[in-house]
$ cat query23.cif   # mmCIF, N, CA and C atoms
data_protein
loop_
_atom_site.label_atom_id
_atom_site.label_comp_id
_atom_site.auth_asym_id
_atom_site.auth_seq_id
_atom_site.Cartn_x
_atom_site.Cartn_y
_atom_site.Cartn_z
N MET A 1 0.84 -1.16 0.00
CA MET A 1 0.00 0.00 0.00
C MET A 1 0.89 1.23 0.00
N LEU A 2 0.51 2.19 -0.77
CA LEU A 2 1.30 3.39 -0.87
C LEU A 2 1.15 4.23 0.38
N ALA A 3 2.07 5.14 0.56
CA ALA A 3 2.08 5.97 1.76
C ALA A 3 0.80 6.78 1.91
N GLY A 4 0.23 7.26 0.86
CA GLY A 4 -1.01 8.03 0.96
C GLY A 4 -0.90 9.31 0.17
N ALA A 5 -2.03 9.88 -0.16
CA ALA A 5 -2.06 11.04 -1.04
C ALA A 5 -1.66 12.32 -0.33
N GLY A 6 -1.96 12.44 0.92
CA GLY A 6 -1.70 13.71 1.57
C GLY A 6 -1.14 13.57 2.97
N PRO A 7 -0.69 14.69 3.52
CA PRO A 7 -0.09 14.67 4.85
C PRO A 7 -1.04 14.19 5.94
N ALA A 8 -2.31 14.55 5.85
CA ALA A 8 -3.26 14.13 6.89
C ALA A 8 -3.42 12.61 6.92
N GLU A 9 -3.49 12.00 5.73
CA GLU A 9 -3.62 10.54 5.67
C GLU A 9 -2.37 9.86 6.21
N ARG A 10 -1.19 10.37 5.82
CA ARG A 10 0.06 9.78 6.31
C ARG A 10 0.19 9.95 7.82
N ALA A 11 -0.22 11.10 8.33
CA ALA A 11 -0.15 11.32 9.78
C ALA A 11 -1.07 10.36 10.52
N ALA A 12 -2.28 10.14 9.98
CA ALA A 12 -3.22 9.20 10.61
C ALA A 12 -2.67 7.78 10.57
N ARG A 13 -2.10 7.39 9.45
CA ARG A 13 -1.54 6.04 9.32
C ARG A 13 -0.32 5.87 10.22
N ALA A 14 0.51 6.89 10.31
CA ALA A 14 1.69 6.83 11.19
C ALA A 14 1.25 6.66 12.64
N GLY A 15 0.22 7.38 13.05
CA GLY A 15 -0.30 7.25 14.41
C GLY A 15 -0.84 5.86 14.68
N ALA A 16 -1.57 5.31 13.70
CA ALA A 16 -2.10 3.96 13.85
C ALA A 16 -0.98 2.93 13.89
N ALA A 17 0.03 3.10 13.05
CA ALA A 17 1.17 2.18 13.06
C ALA A 17 1.89 2.23 14.41
N GLY A 18 2.01 3.43 14.96
CA GLY A 18 2.62 3.57 16.28
C GLY A 18 1.86 2.81 17.35
N ARG A 19 0.51 2.81 17.24
CA ARG A 19 -0.30 2.04 18.20
C ARG A 19 -0.02 0.55 18.05
N LEU A 20 0.16 0.07 16.82
CA LEU A 20 0.46 -1.35 16.61
C LEU A 20 1.84 -1.72 17.16
N LEU A 21 2.74 -0.75 17.17
CA LEU A 21 4.11 -1.02 17.60
C LEU A 21 4.35 -0.71 19.06
N THR A 22 3.31 -0.42 19.81
CA THR A 22 3.45 -0.14 21.24
C THR A 22 4.16 -1.32 21.90
N GLY A 23 5.14 -1.04 22.70
CA GLY A 23 5.89 -2.09 23.37
C GLY A 23 7.13 -2.52 22.62
N ARG A 24 7.25 -2.15 21.36
CA ARG A 24 8.44 -2.52 20.58
C ARG A 24 9.47 -1.39 20.57
N ARG A 25 9.15 -0.27 21.21
CA ARG A 25 10.06 0.87 21.33
C ARG A 25 10.47 1.42 19.97
N LEU A 26 9.50 1.46 19.06
CA LEU A 26 9.70 2.04 17.74
C LEU A 26 8.71 3.18 17.57
N ARG A 27 9.10 4.18 16.79
CA ARG A 27 8.23 5.32 16.56
C ARG A 27 8.11 5.54 15.06
N VAL A 28 6.90 5.85 14.61
CA VAL A 28 6.64 6.09 13.19
C VAL A 28 6.09 7.51 13.05
N THR A 29 6.68 8.27 12.13
CA THR A 29 6.19 9.62 11.85
C THR A 29 6.08 9.78 10.34
N PRO A 30 5.15 10.64 9.88
CA PRO A 30 5.08 10.92 8.44
C PRO A 30 6.33 11.71 8.03
N TRP A 31 6.82 11.45 6.83
CA TRP A 31 8.06 12.09 6.40
C TRP A 31 8.16 12.08 4.89
N ARG A 32 8.23 13.23 4.25
CA ARG A 32 8.50 13.40 2.82
C ARG A 32 7.75 12.42 1.92
N GLY A 33 6.47 12.31 2.07
CA GLY A 33 5.68 11.43 1.22
C GLY A 33 5.68 9.99 1.65
N GLY A 34 6.35 9.68 2.74
CA GLY A 34 6.39 8.32 3.26
C GLY A 34 6.38 8.37 4.78
N TYR A 35 7.23 7.57 5.38
CA TYR A 35 7.28 7.48 6.84
C TYR A 35 8.73 7.43 7.29
N LEU A 36 8.94 7.77 8.55
CA LEU A 36 10.25 7.64 9.17
C LEU A 36 10.08 6.70 10.36
N LEU A 37 10.84 5.62 10.37
CA LEU A 37 10.81 4.64 11.45
C LEU A 37 12.02 4.89 12.33
N ALA A 38 11.79 5.19 13.60
CA ALA A 38 12.88 5.49 14.54
C ALA A 38 12.89 4.48 15.67
N THR A 39 14.10 4.07 16.07
CA THR A 39 14.26 3.13 17.18
C THR A 39 14.44 3.91 18.48
N ALA A 40 14.44 3.19 19.58
CA ALA A 40 14.62 3.81 20.90
C ALA A 40 16.01 4.43 21.04
N THR A 41 16.97 3.96 20.25
CA THR A 41 18.33 4.52 20.32
C THR A 41 18.50 5.75 19.45
N GLY A 42 17.45 6.10 18.68
CA GLY A 42 17.51 7.28 17.83
C GLY A 42 17.84 7.00 16.38
N ALA A 43 18.19 5.76 16.05
CA ALA A 43 18.45 5.43 14.66
C ALA A 43 17.14 5.54 13.88
N SER A 44 17.20 6.16 12.70
CA SER A 44 16.00 6.36 11.88
C SER A 44 16.20 5.81 10.49
N ARG A 45 15.10 5.38 9.91
CA ARG A 45 15.13 4.84 8.56
C ARG A 45 13.91 5.32 7.81
N PRO A 46 14.07 5.99 6.64
CA PRO A 46 12.90 6.36 5.86
C PRO A 46 12.33 5.14 5.14
N VAL A 47 11.02 5.05 5.07
CA VAL A 47 10.34 3.99 4.33
C VAL A 47 9.25 4.65 3.47
N ALA A 48 9.09 4.16 2.26
CA ALA A 48 8.19 4.80 1.31
C ALA A 48 6.73 4.35 1.45
N SER A 49 6.51 3.18 2.05
CA SER A 49 5.15 2.64 2.09
C SER A 49 4.94 1.84 3.37
N LEU A 50 3.69 1.47 3.61
CA LEU A 50 3.40 0.61 4.76
C LEU A 50 4.04 -0.75 4.60
N ASP A 51 4.10 -1.27 3.37
CA ASP A 51 4.76 -2.56 3.14
C ASP A 51 6.23 -2.50 3.55
N GLU A 52 6.92 -1.44 3.16
CA GLU A 52 8.32 -1.27 3.55
C GLU A 52 8.45 -1.10 5.06
N LEU A 53 7.49 -0.42 5.67
CA LEU A 53 7.51 -0.23 7.12
C LEU A 53 7.51 -1.57 7.82
N TRP A 54 6.56 -2.46 7.45
CA TRP A 54 6.47 -3.76 8.12
C TRP A 54 7.68 -4.63 7.82
N ALA A 55 8.24 -4.51 6.61
CA ALA A 55 9.46 -5.25 6.30
C ALA A 55 10.60 -4.78 7.21
N ALA A 56 10.67 -3.47 7.42
CA ALA A 56 11.72 -2.92 8.29
C ALA A 56 11.55 -3.37 9.73
N VAL A 57 10.32 -3.56 10.15
CA VAL A 57 10.04 -4.00 11.51
C VAL A 57 10.31 -5.50 11.64
N GLU A 58 10.43 -6.17 10.52
CA GLU A 58 10.71 -7.61 10.45
C GLU A 58 9.62 -8.44 11.11
N ARG A 59 8.41 -8.23 10.62
CA ARG A 59 7.27 -8.98 11.13
C ARG A 59 6.91 -10.05 10.11
N ASP A 60 7.47 -11.22 10.25
CA ASP A 60 7.18 -12.32 9.34
C ASP A 60 6.16 -13.24 9.99
N GLY A 61 5.25 -13.75 9.19
CA GLY A 61 4.21 -14.63 9.71
C GLY A 61 4.34 -16.05 9.20
N ALA A 62 3.50 -16.89 9.75
CA ALA A 62 3.46 -18.29 9.33
C ALA A 62 2.71 -18.40 8.00
N PRO A 63 2.99 -19.43 7.21
CA PRO A 63 2.27 -19.59 5.97
C PRO A 63 0.78 -19.79 6.23
N PRO A 64 -0.08 -19.23 5.37
CA PRO A 64 -1.51 -19.33 5.60
C PRO A 64 -2.03 -20.74 5.38
N GLY A 65 -3.08 -21.08 6.12
CA GLY A 65 -3.77 -22.36 5.94
C GLY A 65 -4.95 -22.17 5.00
N GLU A 66 -6.02 -22.91 5.22
CA GLU A 66 -7.23 -22.78 4.40
C GLU A 66 -7.80 -21.38 4.57
N GLN A 67 -8.16 -20.75 3.47
CA GLN A 67 -8.62 -19.37 3.47
C GLN A 67 -10.14 -19.29 3.31
N HIS A 68 -10.78 -18.38 4.04
CA HIS A 68 -12.17 -18.03 3.79
C HIS A 68 -12.43 -16.61 4.27
N TRP A 69 -13.58 -16.06 3.85
CA TRP A 69 -13.92 -14.67 4.13
C TRP A 69 -14.79 -14.54 5.37
N ALA A 70 -14.62 -13.43 6.07
CA ALA A 70 -15.56 -12.99 7.12
C ALA A 70 -15.87 -11.54 6.79
N ARG A 71 -17.15 -11.17 6.90
CA ARG A 71 -17.57 -9.81 6.54
C ARG A 71 -18.50 -9.25 7.60
N ALA A 72 -18.52 -7.91 7.68
CA ALA A 72 -19.42 -7.20 8.60
C ALA A 72 -19.70 -5.82 7.99
N PRO A 73 -20.83 -5.21 8.36
CA PRO A 73 -21.07 -3.84 7.90
C PRO A 73 -19.98 -2.90 8.41
N ALA A 74 -19.61 -1.93 7.58
CA ALA A 74 -18.63 -0.93 8.01
C ALA A 74 -19.26 -0.07 9.09
N PRO A 75 -18.64 0.01 10.26
CA PRO A 75 -19.21 0.81 11.34
C PRO A 75 -19.20 2.30 11.00
N ALA A 76 -20.21 2.99 11.45
CA ALA A 76 -20.26 4.44 11.25
C ALA A 76 -19.11 5.09 12.01
N GLY A 77 -18.42 6.00 11.37
CA GLY A 77 -17.38 6.76 12.04
C GLY A 77 -16.09 6.00 12.30
N TRP A 78 -15.87 4.88 11.65
CA TRP A 78 -14.63 4.15 11.90
C TRP A 78 -13.47 4.87 11.22
N ASP A 79 -12.25 4.60 11.66
CA ASP A 79 -11.06 5.27 11.17
C ASP A 79 -10.48 4.48 10.00
N ARG A 80 -10.75 4.97 8.80
CA ARG A 80 -10.31 4.26 7.59
C ARG A 80 -8.79 4.21 7.49
N GLN A 81 -8.10 5.25 7.94
CA GLN A 81 -6.64 5.24 7.88
C GLN A 81 -6.06 4.19 8.83
N ALA A 82 -6.64 4.07 10.02
CA ALA A 82 -6.20 3.03 10.96
C ALA A 82 -6.46 1.65 10.36
N ALA A 83 -7.60 1.50 9.69
CA ALA A 83 -7.91 0.21 9.04
C ALA A 83 -6.88 -0.11 7.98
N THR A 84 -6.45 0.88 7.22
CA THR A 84 -5.45 0.69 6.18
C THR A 84 -4.13 0.20 6.77
N VAL A 85 -3.72 0.80 7.88
CA VAL A 85 -2.48 0.38 8.56
C VAL A 85 -2.62 -1.04 9.06
N TRP A 86 -3.76 -1.36 9.69
CA TRP A 86 -3.97 -2.71 10.22
C TRP A 86 -3.92 -3.73 9.09
N VAL A 87 -4.58 -3.45 7.96
CA VAL A 87 -4.61 -4.37 6.83
C VAL A 87 -3.19 -4.63 6.31
N ALA A 88 -2.39 -3.58 6.16
CA ALA A 88 -1.01 -3.75 5.68
C ALA A 88 -0.19 -4.62 6.63
N ALA A 89 -0.33 -4.38 7.92
CA ALA A 89 0.43 -5.17 8.91
C ALA A 89 -0.06 -6.61 8.93
N ALA A 90 -1.36 -6.81 8.91
CA ALA A 90 -1.92 -8.17 8.97
C ALA A 90 -1.53 -8.97 7.73
N ALA A 91 -1.50 -8.33 6.57
CA ALA A 91 -1.08 -9.03 5.36
C ALA A 91 0.39 -9.39 5.43
N ARG A 92 1.19 -8.49 5.95
CA ARG A 92 2.64 -8.73 6.03
C ARG A 92 2.98 -9.91 6.93
N ILE A 93 2.24 -10.07 8.04
CA ILE A 93 2.55 -11.15 8.97
C ILE A 93 1.76 -12.42 8.68
N GLY A 94 0.92 -12.40 7.62
CA GLY A 94 0.22 -13.61 7.21
C GLY A 94 -1.13 -13.84 7.86
N THR A 95 -1.65 -12.85 8.61
CA THR A 95 -2.95 -13.00 9.24
C THR A 95 -4.06 -13.01 8.21
N ILE A 96 -3.91 -12.20 7.15
CA ILE A 96 -4.90 -12.14 6.07
C ILE A 96 -4.17 -12.18 4.73
N THR A 97 -4.92 -12.54 3.67
CA THR A 97 -4.35 -12.50 2.33
C THR A 97 -5.11 -11.53 1.43
N ALA A 98 -6.25 -11.02 1.89
CA ALA A 98 -7.01 -10.00 1.16
C ALA A 98 -7.93 -9.30 2.15
N ALA A 99 -8.35 -8.10 1.78
CA ALA A 99 -9.29 -7.35 2.60
C ALA A 99 -10.25 -6.59 1.70
N ALA A 100 -11.49 -6.49 2.12
CA ALA A 100 -12.49 -5.69 1.42
C ALA A 100 -12.84 -4.52 2.32
N LEU A 101 -12.60 -3.33 1.81
CA LEU A 101 -12.94 -2.11 2.53
C LEU A 101 -13.89 -1.32 1.64
N PRO A 102 -14.67 -0.42 2.21
CA PRO A 102 -15.51 0.41 1.35
C PRO A 102 -14.64 1.09 0.30
N GLY A 103 -14.92 0.83 -0.96
CA GLY A 103 -14.13 1.40 -2.05
C GLY A 103 -13.35 0.37 -2.84
N GLY A 104 -13.16 -0.84 -2.32
CA GLY A 104 -12.44 -1.83 -3.10
C GLY A 104 -11.90 -2.99 -2.30
N VAL A 105 -11.44 -3.99 -3.03
CA VAL A 105 -10.82 -5.18 -2.44
C VAL A 105 -9.31 -5.04 -2.62
N VAL A 106 -8.57 -5.30 -1.55
CA VAL A 106 -7.11 -5.24 -1.58
C VAL A 106 -6.60 -6.67 -1.50
N GLU A 107 -5.83 -7.07 -2.50
CA GLU A 107 -5.23 -8.40 -2.52
C GLU A 107 -3.72 -8.26 -2.41
N PHE A 108 -3.08 -9.23 -1.78
CA PHE A 108 -1.65 -9.18 -1.55
C PHE A 108 -0.98 -10.36 -2.21
N SER A 109 0.16 -10.10 -2.86
CA SER A 109 0.95 -11.18 -3.45
C SER A 109 2.09 -11.51 -2.49
N ASP A 110 2.86 -12.52 -2.84
CA ASP A 110 4.03 -12.85 -2.02
C ASP A 110 4.91 -11.62 -1.91
N GLY A 111 5.42 -11.36 -0.73
CA GLY A 111 6.25 -10.20 -0.51
C GLY A 111 5.48 -8.98 -0.06
N GLY A 112 4.15 -9.10 0.01
CA GLY A 112 3.34 -8.03 0.57
C GLY A 112 2.89 -6.97 -0.40
N ALA A 113 3.19 -7.08 -1.70
CA ALA A 113 2.74 -6.06 -2.65
C ALA A 113 1.22 -6.09 -2.74
N ALA A 114 0.62 -4.92 -2.75
CA ALA A 114 -0.84 -4.81 -2.75
C ALA A 114 -1.36 -4.48 -4.13
N HIS A 115 -2.53 -5.04 -4.45
CA HIS A 115 -3.26 -4.72 -5.67
C HIS A 115 -4.68 -4.38 -5.25
N VAL A 116 -5.16 -3.20 -5.64
CA VAL A 116 -6.52 -2.78 -5.28
C VAL A 116 -7.42 -2.98 -6.48
N ASP A 117 -8.54 -3.69 -6.26
CA ASP A 117 -9.56 -3.89 -7.26
C ASP A 117 -10.75 -3.02 -6.86
N PRO A 118 -10.87 -1.82 -7.45
CA PRO A 118 -11.91 -0.89 -7.00
C PRO A 118 -13.32 -1.45 -7.20
N SER A 119 -14.19 -1.12 -6.27
CA SER A 119 -15.61 -1.47 -6.38
C SER A 119 -16.39 -0.28 -5.86
N SER A 120 -17.64 -0.25 -6.20
CA SER A 120 -18.45 0.88 -5.74
C SER A 120 -19.64 0.37 -4.94
N GLY A 121 -20.08 1.18 -4.02
CA GLY A 121 -21.31 0.91 -3.30
C GLY A 121 -21.22 -0.06 -2.14
N THR A 122 -20.08 -0.66 -1.88
CA THR A 122 -20.00 -1.59 -0.77
C THR A 122 -19.89 -0.84 0.55
N ALA A 123 -20.63 -1.30 1.51
CA ALA A 123 -20.57 -0.71 2.85
C ALA A 123 -20.12 -1.78 3.84
N GLU A 124 -19.37 -2.76 3.32
CA GLU A 124 -18.90 -3.86 4.17
C GLU A 124 -17.39 -3.81 4.32
N VAL A 125 -16.95 -4.42 5.41
CA VAL A 125 -15.55 -4.66 5.67
C VAL A 125 -15.39 -6.17 5.71
N GLY A 126 -14.37 -6.69 5.06
CA GLY A 126 -14.15 -8.13 5.08
C GLY A 126 -12.68 -8.46 5.03
N VAL A 127 -12.35 -9.65 5.49
CA VAL A 127 -10.97 -10.13 5.43
C VAL A 127 -10.98 -11.59 4.98
N LEU A 128 -9.94 -11.96 4.25
CA LEU A 128 -9.74 -13.33 3.79
C LEU A 128 -8.51 -13.87 4.49
N GLY A 129 -8.64 -15.01 5.14
CA GLY A 129 -7.50 -15.59 5.84
C GLY A 129 -7.87 -16.90 6.49
N PRO A 130 -6.91 -17.53 7.19
CA PRO A 130 -7.16 -18.81 7.83
C PRO A 130 -8.07 -18.69 9.06
N GLU A 131 -8.08 -17.56 9.74
CA GLU A 131 -8.96 -17.31 10.89
C GLU A 131 -9.59 -15.93 10.72
N PRO A 132 -10.46 -15.78 9.72
CA PRO A 132 -10.94 -14.44 9.39
C PRO A 132 -11.86 -13.81 10.43
N GLU A 133 -12.59 -14.61 11.18
CA GLU A 133 -13.49 -14.04 12.19
C GLU A 133 -12.69 -13.28 13.25
N ALA A 134 -11.61 -13.89 13.73
CA ALA A 134 -10.77 -13.23 14.72
C ALA A 134 -10.08 -12.01 14.12
N ALA A 135 -9.62 -12.12 12.88
CA ALA A 135 -8.95 -11.00 12.22
C ALA A 135 -9.93 -9.84 12.01
N LEU A 136 -11.16 -10.15 11.60
CA LEU A 136 -12.15 -9.10 11.39
C LEU A 136 -12.48 -8.39 12.70
N THR A 137 -12.61 -9.15 13.77
CA THR A 137 -12.87 -8.55 15.08
C THR A 137 -11.73 -7.62 15.48
N ASP A 138 -10.48 -8.06 15.26
CA ASP A 138 -9.32 -7.22 15.59
C ASP A 138 -9.30 -5.95 14.74
N LEU A 139 -9.58 -6.09 13.44
CA LEU A 139 -9.60 -4.94 12.54
C LEU A 139 -10.65 -3.93 12.98
N LEU A 140 -11.86 -4.38 13.24
CA LEU A 140 -12.94 -3.46 13.63
C LEU A 140 -12.62 -2.78 14.95
N HIS A 141 -12.05 -3.53 15.88
CA HIS A 141 -11.68 -2.95 17.17
C HIS A 141 -10.57 -1.90 17.00
N PHE A 142 -9.55 -2.25 16.22
CA PHE A 142 -8.42 -1.36 16.01
C PHE A 142 -8.85 -0.06 15.34
N ALA A 143 -9.77 -0.17 14.36
CA ALA A 143 -10.17 1.00 13.57
C ALA A 143 -11.32 1.78 14.19
N ALA A 144 -11.83 1.33 15.34
CA ALA A 144 -12.90 2.07 16.00
C ALA A 144 -12.34 3.39 16.53
N ARG A 145 -13.05 4.44 16.30
CA ARG A 145 -12.60 5.75 16.81
C ARG A 145 -12.88 5.80 18.30
N ALA A 146 -11.84 6.12 19.06
CA ALA A 146 -11.98 6.18 20.52
C ALA A 146 -12.44 7.54 20.98
#

$ encode --input "query23.cif" --output "structure tokens"
Amino acid sequence: MLAGAGPAERAARAGAAGRLLTGRRLRVTPWRGGYLLATATGASRPVASLDELWAAVERDGAPPGEQHWARAPAPAGWDRQAATVWVAAAARIGTITAAALPGGVVEFSDGGAAHVDPSSGTAEVGVLGPEPEAALTDLLHFAARA
């Protein structure tokens, strides 16, 4: 997934990524069209996309088992940028292999590259993976506006 079209989207995604990295002593900030990943020692690394961010964090997952979909209505007022960050991280670690968000289906190939298949009119959120019900619950919880 690309870094995002504007500073507000990147800032929201950086904040959501920081929430996912709580306890790992890493900090993510928006930077020059991408992100800056900083360690507790102050070492920083620029990354151009969420896929590169998760690769830099070295979050590798187990190979997926049997895949199926779980879907739910998109909650009113949910944080779409946080959902985008969660989807990128979950795909990188193997929790999901595709996600359906309002606006399109995101599919991931080996290595985490994303392909978006745009759709119109969907008001559902869905995930494809070996345990999609648990993943969908985590996604909806993570993207709920507090």

$ residues_around --input "query23.cif" --residues "stretch 125-137 of chain A" --least-positions-apart "5" --cutoff "6.5 Å" --atoms "only N, CA and C atoms" --output "list in words"
Pro64, Gly65, Glu66, Gln67, His68, Trp69, Ala70, Arg71, Ala72, Pro73, Ala74, Thr95, Ile96, Thr97, Ala98, Ala99, Ala100, Leu101, Pro102 and Phe142 of chain A

$ write_last_selection --input "query23.cif" --atoms "N, CA and C atoms" --output "PDB file, in the coordinates of the input"
ATOM      1  N   PRO A  64      -0.080 -19.230   5.370  1.00  0.00           N
ATOM      2  CA  PRO A  64      -1.510 -19.330   5.600  1.00  0.00           C
ATOM      3  C   PRO A  64      -2.030 -20.740   5.380  1.00  0.00           C
ATOM      4  N   GLY A  65      -3.080 -21.080   6.120  1.00  0.00           N
ATOM      5  CA  GLY A  65      -3.770 -22.360   5.940  1.00  0.00           C
ATOM      6  C   GLY A  65      -4.950 -22.170   5.000  1.00  0.00           C
ATOM      7  N   GLU A  66      -6.020 -22.910   5.220  1.00  0.00           N
ATOM      8  CA  GLU A  66      -7.230 -22.780   4.400  1.00  0.00           C
ATOM      9  C   GLU A  66      -7.800 -21.380   4.570  1.00  0.00           C
ATOM     10  N   GLN A  67      -8.160 -20.750   3.470  1.00  0.00           N
ATOM     11  CA  GLN A  67      -8.620 -19.370   3.470  1.00  0.00           C
ATOM     12  C   GLN A  67     -10.140 -19.290   3.310  1.00  0.00           C
ATOM     13  N   HIS A  68     -10.780 -18.380   4.040  1.00  0.00           N
ATOM     14  CA  HIS A  68     -12.170 -18.030   3.790  1.00  0.00           C
ATOM     15  C   HIS A  68     -12.430 -16.610   4.270  1.00  0.00           C
ATOM     16  N   TRP A  69     -13.580 -16.060   3.850  1.00  0.00           N
ATOM     17  CA  TRP A  69     -13.920 -14.670   4.130  1.00  0.00           C
ATOM     18  C   TRP A  69     -14.790 -14.540   5.370  1.00  0.00           C
ATOM     19  N   ALA A  70     -14.620 -13.430   6.070  1.00  0.00           N
ATOM     20  CA  ALA A  70     -15.560 -12.990   7.120  1.00  0.00           C
ATOM     21  C   ALA A  70     -15.870 -11.540   6.790  1.00  0.00           C
ATOM     22  N   ARG A  71     -17.150 -11.170   6.900  1.00  0.00           N
ATOM     23  CA  ARG A  71     -17.570  -9.810   6.540  1.00  0.00           C
ATOM     24  C   ARG A  71     -18.500  -9.250   7.600  1.00  0.00           C
ATOM     25  N   ALA A  72     -18.520  -7.910   7.680  1.00  0.00           N
ATOM     26  CA  ALA A  72     -19.420  -7.200   8.600  1.00  0.00           C
ATOM     27  C   ALA A  72     -19.700  -5.820   7.990  1.00  0.00           C
ATOM     28  N   PRO A  73     -20.830  -5.210   8.360  1.00  0.00           N
ATOM     29  CA  PRO A  73     -21.070  -3.840   7.900  1.00  0.00           C
ATOM     30  C   PRO A  73     -19.980  -2.900   8.410  1.00  0.00           C
ATOM     31  N   ALA A  74     -19.610  -1.930   7.580  1.00  0.00           N
ATOM     32  CA  ALA A  74     -18.630  -0.930   8.010  1.00  0.00           C
ATOM     33  C   ALA A  74     -19.260  -0.070   9.090  1.00  0.00           C
ATOM     34  N   THR A  95      -1.650 -12.850   8.610  1.00  0.00           N
ATOM     35  CA  THR A  95      -2.950 -13.000   9.240  1.00  0.00           C
ATOM     36  C   THR A  95      -4.060 -13.010   8.210  1.00  0.00           C
ATOM     37  N   ILE A  96      -3.910 -12.200   7.150  1.00  0.00           N
ATOM     38  CA  ILE A  96      -4.900 -12.140   6.070  1.00  0.00           C
ATOM     39  C   ILE A  96      -4.170 -12.180   4.730  1.00  0.00           C
ATOM     40  N   THR A  97      -4.920 -12.540   3.670  1.00  0.00           N
ATOM     41  CA  THR A  97      -4.350 -12.500   2.330  1.00  0.00           C
ATOM     42  C   THR A  97      -5.110 -11.530   1.430  1.00  0.00           C
ATOM     43  N   ALA A  98      -6.250 -11.020   1.890  1.00  0.00           N
ATOM     44  CA  ALA A  98      -7.010 -10.000   1.160  1.00  0.00           C
ATOM     45  C   ALA A  98      -7.930  -9.300   2.150  1.00  0.00           C
ATOM     46  N   ALA A  99      -8.350  -8.100   1.780  1.00  0.00           N
ATOM     47  CA  ALA A  99      -9.290  -7.350   2.600  1.00  0.00           C
ATOM     48  C   ALA A  99     -10.250  -6.590   1.700  1.00  0.00           C
ATOM     49  N   ALA A 100     -11.490  -6.490   2.120  1.00  0.00           N
ATOM     50  CA  ALA A 100     -12.490  -5.690   1.420  1.00  0.00           C
ATOM     51  C   ALA A 100     -12.840  -4.520   2.320  1.00  0.00           C
ATOM     52  N   LEU A 101     -12.600  -3.330   1.810  1.00  0.00           N
ATOM     53  CA  LEU A 101     -12.940  -2.110   2.530  1.00  0.00           C
ATOM     54  C   LEU A 101     -13.890  -1.320   1.640  1.00  0.00           C
ATOM     55  N   PRO A 102     -14.670  -0.420   2.210  1.00  0.00           N
ATOM     56  CA  PRO A 102     -15.510   0.410   1.350  1.00  0.00           C
ATOM     57  C   PRO A 102     -14.640   1.090   0.300  1.00  0.00           C
ATOM     58  N   PHE A 142      -9.550  -2.250  16.220  1.00  0.00           N
ATOM     59  CA  PHE A 142      -8.420  -1.360  16.010  1.00  0.00           C
ATOM     60  C   PHE A 142      -8.850  -0.060  15.340  1.00  0.00           C
TER      61      PHE A 142
END

$ closest_residue --input "query23.cif" --among "A:Asp117, A:Glu107, A:Asp51, A:Glu124" --to "A:Ala17" --atoms "only C-alpha atoms"
A:Asp51

$ resolve_selection --input "query23.cif" --expression "the PyMOL selection byres ((chain A and resi 78) around 5)" --output "VMD selection string"
chain A and resid 75 to 77 79 to 80 143 to 145

$ select_by_dssp --input "query23.cif" --residues "stretch 66-104 of chain A" --states "alpha helix (DSSP H)" --output "PyMOL selection string"
chain A and resi 80-92

$ write_last_selection --input "query23.cif" --atoms "N, CA and C atoms" --output "PDB file, in the coordinates of the input"
ATOM      1  N   ARG A  80     -10.750   4.970   8.800  1.00  0.00           N
ATOM      2  CA  ARG A  80     -10.310   4.260   7.590  1.00  0.00           C
ATOM      3  C   ARG A  80      -8.790   4.210   7.490  1.00  0.00           C
ATOM      4  N   GLN A  81      -8.100   5.250   7.940  1.00  0.00           N
ATOM      5  CA  GLN A  81      -6.640   5.240   7.880  1.00  0.00           C
ATOM      6  C   GLN A  81      -6.060   4.190   8.830  1.00  0.00           C
ATOM      7  N   ALA A  82      -6.640   4.070  10.020  1.00  0.00           N
ATOM      8  CA  ALA A  82      -6.200   3.030  10.960  1.00  0.00           C
ATOM      9  C   ALA A  82      -6.460   1.650  10.360  1.00  0.00           C
ATOM     10  N   ALA A  83      -7.600   1.500   9.690  1.00  0.00           N
ATOM     11  CA  ALA A  83      -7.910   0.210   9.040  1.00  0.00           C
ATOM     12  C   ALA A  83      -6.880  -0.110   7.980  1.00  0.00           C
ATOM     13  N   THR A  84      -6.450   0.880   7.220  1.00  0.00           N
ATOM     14  CA  THR A  84      -5.450   0.690   6.180  1.00  0.00           C
ATOM     15  C   THR A  84      -4.130   0.200   6.770  1.00  0.00           C
ATOM     16  N   VAL A  85      -3.720   0.800   7.880  1.00  0.00           N
ATOM     17  CA  VAL A  85      -2.480   0.380   8.560  1.00  0.00           C
ATOM     18  C   VAL A  85      -2.620  -1.040   9.060  1.00  0.00           C
ATOM     19  N   TRP A  86      -3.760  -1.360   9.690  1.00  0.00           N
ATOM     20  CA  TRP A  86      -3.970  -2.710  10.220  1.00  0.00           C
ATOM     21  C   TRP A  86      -3.920  -3.730   9.090  1.00  0.00           C
ATOM     22  N   VAL A  87      -4.580  -3.450   7.960  1.00  0.00           N
ATOM     23  CA  VAL A  87      -4.610  -4.370   6.830  1.00  0.00           C
ATOM     24  C   VAL A  87      -3.190  -4.630   6.310  1.00  0.00           C
ATOM     25  N   ALA A  88      -2.390  -3.580   6.160  1.00  0.00           N
ATOM     26  CA  ALA A  88      -1.010  -3.750   5.680  1.00  0.00           C
ATOM     27  C   ALA A  88      -0.190  -4.620   6.630  1.00  0.00           C
ATOM     28  N   ALA A  89      -0.330  -4.380   7.920  1.00  0.00           N
ATOM     29  CA  ALA A  89       0.430  -5.170   8.910  1.00  0.00           C
ATOM     30  C   ALA A  89      -0.060  -6.610   8.930  1.00  0.00           C
ATOM     31  N   ALA A  90      -1.360  -6.810   8.910  1.00  0.00           N
ATOM     32  CA  ALA A  90      -1.920  -8.170   8.970  1.00  0.00           C
ATOM     33  C   ALA A  90      -1.530  -8.970   7.730  1.00  0.00           C
ATOM     34  N   ALA A  91      -1.500  -8.330   6.570  1.00  0.00           N
ATOM     35  CA  ALA A  91      -1.080  -9.030   5.360  1.00  0.00           C
ATOM     36  C   ALA A  91       0.390  -9.390   5.430  1.00  0.00           C
ATOM     37  N   ARG A  92       1.190  -8.490   5.950  1.00  0.00           N
ATOM     38  CA  ARG A  92       2.640  -8.730   6.030  1.00  0.00           C
ATOM     39  C   ARG A  92       2.980  -9.910   6.930  1.00  0.00           C
TER      40      ARG A  92
END
